[in-house]
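Structure first, then comments.
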Amino acid sequence: MRDRRVALVWATFVVVALVSCVLVLRREDRLSDLHIYYGALSDLHAGRPLYGFVAANGGPFTYPPFAALVLGPITAVSEGVVQGLWLVATCAAVVAIAGAVGVALGTRQAQRPLVVAVAATVLMLSAPVQSNLRFGQVSIFIVLMALLDGMGVVPPRLRGMLVGGAAAIKLTPLLFVVYFLATGRYRDAARAVATFVACAGIAAIVLPGESWTYWTKAVRQTSRIGNLASLGNQSLHGMLLRVGVDEATLPLIWAGLVAVICAAALLRARQLTREGRPGHAAVLVGCATVAASPVSWTHHQVWPVLAAMLLIGASGVTRRVAGAALLGTMVVSLGAVLSPVSMRPGLQFLFENARAVGVCLLCLVGFGGVAVAATRANRRVAGRGWLRVGVTATVALAFFAVQPLPAGADPTFKAYALDDVANPRYFFVCRGPAECAAYGTDAPVTFDTRAEKTKVRVNGVVSPQVTRLEYYSAPGGAPRAIPLLAAYQGIRTFSFRSANMAQGRLVAYASDGRPIASYDDELAAALEYDRSVGGRGEGGGGAQRVAAARAARSFSASPGAGCSQSVGVAE
């Protein structure tokens, strides 16, 4: 019977893997990060600078130069062949990681095949693994190397070398060196550092110019990686950016919180190692790298999925419920799925940052020992476990529900530049000089909105009297500058996106710095209209909305208000 269950689960894994790979290959932007690797390395082999390469989607090569040496052979065959091999290798890495999870759970030999099959299937369904498949990322291989080395399952004389090699490709595994020191694995730490230095040295010899550029310049340019305040970056740093922490104090606050999180995780990891659970310890350290890194995109977040499975496989209601909740956040996007019921700004912020909150809590109080201690102290009243968990969850949600959205918080804000004008997803109210001239009105600002699952887009044109445009995400928040783009002769347009227009305000200024127009109710009204007609996604409906804008009304604020309000809003 057990053999049938194992075969059935593995069959499910194969089906999920095949369907996922087929869907990836059908995308126009399939394996876009692998495309960056391929293009950058092709440029490098042609004598062009590695860190000067920019793909068609705007993505540069962001890894240390040793990564270029490791990935160099992929240019020996066509990109299509590389894509197929990469997808197969990613699926194989998932199976290997699942095998390590089976060992970490300490399951009996007879049960391990079923546990590994289930773990592999759950991993394949998770958002991080799907993201690795979609983008053709190296993250899954970095996790595998660090996990095996952290668990100590490699030969003793080689321990530490996998971490060192992984860190030479991506820097975040360097935290495992501190873990080795904390657990008395001094030789492993020395081998890890020696391997890292040796790999960097080899790269410096083979690629001296690229090595100099990376270590003196590119490594500090986090902006090359993308918009760090976007929802995809579920690190502590990304969450602080979305909270709206002042730029001057952000580095200090972030560094202090990272120190606390890493210290708690490393102390608990040392305790887990002494208890004979090196797998749990390695996963916990991996989760700390996700929380502490300035950038943790979805494909980096494999570690929390592993932690969730280890929690579910543990004893005690508290840990199993915590594991199930964490796994749920790593499979679906709570911000998108629960947006219809997140009526309060605090809940909205919690759902949108659930992965960042979850991994921080995991390091501090989950694997961190508090939940474990509480469970052990209350084993005699285990029957009340579900009640305690339910009450705790209810209180936590109620707390966030009554919290206002931080004044500077805007998880998805981005203002678009002149290079983006050609993208119809960002600039949708008019295309070309004649259409944009006809779209404009006598009002200082004429705009339209487009609602998507996790963001709202605003696009419009401004009159000649407007010299500056600013957007406030919420009352009390800092203004965000909106570039006025001379896309066409005599016409200036703009476009930006925001998480929510419910409390937003758009302000236009004249050349003397005087505000001449302010839009807040109009933003909400335009958005409400857009949603009432079903939105437009990425395509149709634009003509209907522009026609509605023609039925606009203009009105002035009360005397002395210092500004007038005009916008394309349906009567």
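Please note that chains go A, B, ... in the order of the structure tokens, that every chain numbers its residues from 1, and that ligands are numbered from 1 in the order shown.
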Selection near Arg4 of chain A, 12 Å with only C-alpha atoms, sequence-local residues under 3 positions removed, as a ChimeraX atom specification: /A:1,7-11,113-114,117
Pull N, CA, C and O atoms from the residues just selected and write them as a short mmCIF file (atom, residue, chain, number, x, y, z; two decimals), in the first residue's frame.
data_model
loop_
_atom_site.label_atom_id
_atom_site.label_comp_id
_atom_site.auth_asym_id
_atom_site.auth_seq_id
_atom_site.Cartn_x
_atom_site.Cartn_y
_atom_site.Cartn_z
N MET A 1 0.83 -1.20 0.00
CA MET A 1 0.00 0.00 0.00
C MET A 1 0.87 1.26 0.00
O MET A 1 0.62 2.23 -0.71
N ALA A 7 4.32 5.86 -5.34
CA ALA A 7 4.25 5.97 -6.79
C ALA A 7 3.25 7.04 -7.22
O ALA A 7 3.49 7.81 -8.17
N LEU A 8 2.11 7.11 -6.52
CA LEU A 8 1.09 8.10 -6.86
C LEU A 8 1.61 9.52 -6.63
O LEU A 8 1.40 10.42 -7.47
N VAL A 9 2.30 9.72 -5.50
CA VAL A 9 2.82 11.07 -5.20
C VAL A 9 3.90 11.46 -6.20
O VAL A 9 3.93 12.60 -6.68
N TRP A 10 4.79 10.51 -6.54
CA TRP A 10 5.82 10.82 -7.54
C TRP A 10 5.21 11.09 -8.91
O TRP A 10 5.70 11.95 -9.66
N ALA A 11 4.14 10.39 -9.23
CA ALA A 11 3.44 10.66 -10.50
C ALA A 11 2.87 12.08 -10.49
O ALA A 11 2.92 12.79 -11.50
N PRO A 113 10.74 7.34 1.80
CA PRO A 113 10.38 7.55 0.39
C PRO A 113 9.09 8.36 0.22
O PRO A 113 9.01 9.23 -0.67
N LEU A 114 8.10 8.10 1.05
CA LEU A 114 6.84 8.85 0.95
C LEU A 114 7.04 10.30 1.37
O LEU A 114 6.53 11.22 0.71
N ALA A 117 8.84 12.17 -1.42
CA ALA A 117 7.96 12.41 -2.56
C ALA A 117 6.99 13.56 -2.28
O ALA A 117 6.77 14.44 -3.14
#
Residue contacts of segment 458-464 of chain A (10 Å, only C-alpha atoms) excluding same-chain residues fewer than 5 positions away, as a PyMOL selection string: chain A and resi 415-416+425-430+436-437+439-451+469+484-485+490-498+501+508+510+523+526-527+567-568
Which of segment 412-472 of chain A DSSP labels strand (DSSP E), written as a PyMOL selection string: chain A and resi 414-415+445-451+456-462+468-472
Test item, helix (DSSP H, G or I) assignment across segment 167-249 of chain A, answer as a ChimeraX atom specification: /A:167-169,172-182,186-206,208-216,218-220,222-225,236-243
Pick from A:Arg468, A:Thr75, A:Ala307, A:Gly160 nearest to Arg320 of chain A, counting only C-alpha atoms: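 The shortest atom-to-atom distance to Arg320 of chain A comes from A:Ala307.
The two atoms in question, atom CA of Ser235 of chain A and atom CA of Ala263 of chain A, are spaced 16.6 Å apart.
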Selection near Leu306 of chain A, 9 Å with only C-alpha atoms, sequence-local residues under 2 positions removed, as a list in words: Ile97, Ala98, Val101, Ala119, Leu123, Val283, Val302, Trp303, Pro304, Ala308, Met309, Leu310, Leu311 and Leu327 of chain A
Nearby residues (only C-alpha atoms) at most 9 Å from segment 207-214 of chain A, same-chain spacing under 4 positions excluded, as a list in words: Pro49, Leu50, Tyr51, Thr62, Tyr63, Pro64, Pro65, Phe66, Leu69, Ala200, Ile202, Ala203, Ala218, Val219 and Arg220 of chain A
Mind dumping the selected residues with all heavy atoms as a compact mmCIF listing (two decimals), in the first residue's frame?
# COMPACT_ATOMS: atom_id res chain seq x y z
N PRO A 49 32.31 44.31 -22.03
CA PRO A 49 32.30 44.25 -20.56
C PRO A 49 31.09 43.49 -20.01
O PRO A 49 29.96 43.69 -20.45
CB PRO A 49 32.27 45.72 -20.13
CG PRO A 49 31.74 46.46 -21.31
CD PRO A 49 32.21 45.71 -22.51
N LEU A 50 31.34 42.63 -19.02
CA LEU A 50 30.29 41.79 -18.43
C LEU A 50 29.22 42.64 -17.76
O LEU A 50 28.02 42.40 -17.93
CB LEU A 50 30.91 40.83 -17.42
CG LEU A 50 29.97 39.93 -16.64
CD1 LEU A 50 29.29 38.93 -17.57
CD2 LEU A 50 30.74 39.19 -15.54
N TYR A 51 29.66 43.65 -17.01
CA TYR A 51 28.71 44.44 -16.23
C TYR A 51 28.17 45.64 -17.02
O TYR A 51 27.46 46.47 -16.46
CB TYR A 51 29.36 44.89 -14.92
CG TYR A 51 29.69 43.70 -14.05
CD1 TYR A 51 31.01 43.26 -13.92
CD2 TYR A 51 28.70 42.99 -13.41
CE1 TYR A 51 31.32 42.14 -13.15
CE2 TYR A 51 28.99 41.87 -12.63
CZ TYR A 51 30.30 41.45 -12.52
OH TYR A 51 30.61 40.34 -11.77
N THR A 62 24.23 40.60 -12.43
CA THR A 62 24.41 41.13 -11.08
C THR A 62 25.29 40.27 -10.19
O THR A 62 25.53 40.65 -9.04
CB THR A 62 23.05 41.30 -10.39
OG1 THR A 62 22.39 40.04 -10.31
CG2 THR A 62 22.17 42.28 -11.17
N TYR A 63 25.80 39.14 -10.67
CA TYR A 63 26.53 38.22 -9.80
C TYR A 63 28.03 38.49 -9.83
O TYR A 63 28.54 39.15 -10.74
CB TYR A 63 26.25 36.78 -10.22
CG TYR A 63 24.80 36.41 -10.21
CD1 TYR A 63 24.17 35.89 -11.33
CD2 TYR A 63 24.03 36.62 -9.07
CE1 TYR A 63 22.82 35.57 -11.32
CE2 TYR A 63 22.69 36.30 -9.04
CZ TYR A 63 22.09 35.78 -10.17
OH TYR A 63 20.75 35.48 -10.14
N PRO A 64 28.78 37.96 -8.86
CA PRO A 64 30.24 38.10 -8.88
C PRO A 64 30.84 37.48 -10.13
O PRO A 64 30.22 36.61 -10.77
CB PRO A 64 30.68 37.33 -7.62
CG PRO A 64 29.49 37.35 -6.72
CD PRO A 64 28.30 37.28 -7.63
N PRO A 65 32.04 37.91 -10.49
CA PRO A 65 32.65 37.40 -11.74
C PRO A 65 32.89 35.90 -11.75
O PRO A 65 32.92 35.29 -12.82
CB PRO A 65 33.97 38.19 -11.84
CG PRO A 65 34.19 38.74 -10.47
CD PRO A 65 32.86 38.94 -9.86
N PHE A 66 33.05 35.28 -10.57
CA PHE A 66 33.24 33.82 -10.56
C PHE A 66 32.01 33.13 -11.12
O PHE A 66 32.13 32.05 -11.74
CB PHE A 66 33.51 33.34 -9.14
CG PHE A 66 33.74 31.85 -9.06
CD1 PHE A 66 34.91 31.28 -9.55
CD2 PHE A 66 32.78 31.01 -8.51
CE1 PHE A 66 35.11 29.91 -9.48
CE2 PHE A 66 32.97 29.64 -8.45
CZ PHE A 66 34.14 29.09 -8.93
N LEU A 69 32.40 32.54 -14.71
CA LEU A 69 33.24 31.39 -15.06
C LEU A 69 32.46 30.09 -14.94
O LEU A 69 32.58 29.19 -15.78
CB LEU A 69 34.47 31.35 -14.15
CG LEU A 69 35.42 32.54 -14.20
CD1 LEU A 69 36.61 32.32 -13.28
CD2 LEU A 69 35.89 32.79 -15.64
N ALA A 200 37.23 33.70 -5.87
CA ALA A 200 37.34 35.11 -6.23
C ALA A 200 38.69 35.41 -6.86
O ALA A 200 38.80 36.21 -7.80
CB ALA A 200 37.10 35.99 -5.01
N ILE A 202 40.64 33.24 -8.56
CA ILE A 202 40.66 32.69 -9.92
C ILE A 202 39.94 33.63 -10.88
O ILE A 202 40.41 33.90 -12.00
CB ILE A 202 40.02 31.29 -9.93
CG1 ILE A 202 40.89 30.30 -9.15
CG2 ILE A 202 39.80 30.80 -11.36
CD1 ILE A 202 40.24 28.95 -8.94
N ALA A 203 38.80 34.13 -10.42
CA ALA A 203 38.06 35.07 -11.27
C ALA A 203 38.86 36.34 -11.52
O ALA A 203 38.81 36.90 -12.63
CB ALA A 203 36.72 35.40 -10.61
N ALA A 218 30.06 47.62 -8.70
CA ALA A 218 28.77 46.96 -8.94
C ALA A 218 28.18 46.32 -7.69
O ALA A 218 26.96 46.29 -7.52
CB ALA A 218 28.91 45.91 -10.05
N VAL A 219 29.02 45.81 -6.79
CA VAL A 219 28.53 45.11 -5.61
C VAL A 219 27.73 46.05 -4.71
O VAL A 219 26.86 45.62 -3.95
CB VAL A 219 29.70 44.48 -4.82
CG1 VAL A 219 30.56 45.55 -4.17
CG2 VAL A 219 29.18 43.50 -3.77
N ARG A 220 27.99 47.35 -4.77
CA ARG A 220 27.29 48.33 -3.94
C ARG A 220 26.07 48.93 -4.62
O ARG A 220 25.32 49.67 -3.99
CB ARG A 220 28.25 49.45 -3.53
CG ARG A 220 29.37 48.98 -2.62
CD ARG A 220 30.33 50.10 -2.26
NE ARG A 220 31.24 50.42 -3.35
CZ ARG A 220 31.17 51.50 -4.09
NH1 ARG A 220 30.20 52.37 -3.89
NH2 ARG A 220 32.02 51.73 -5.05
Atomic distance atom CA of Ala438 of chain A - atom CA of Asp419 of chain A, expressed in Å with one decimal: 22.6 Å
Exercise: segment 356-367 of chain A partners within 10 Å, only C-alpha atoms, chain neighbours under 3 positions left out, as a ChimeraX atom specification: /A:231,233-239,257-258,260-266,268-269,272,280-281,283-292,296,301,303-305,307-308,310-311,318-319,322-323,325-327,329-330,350-353,370-373
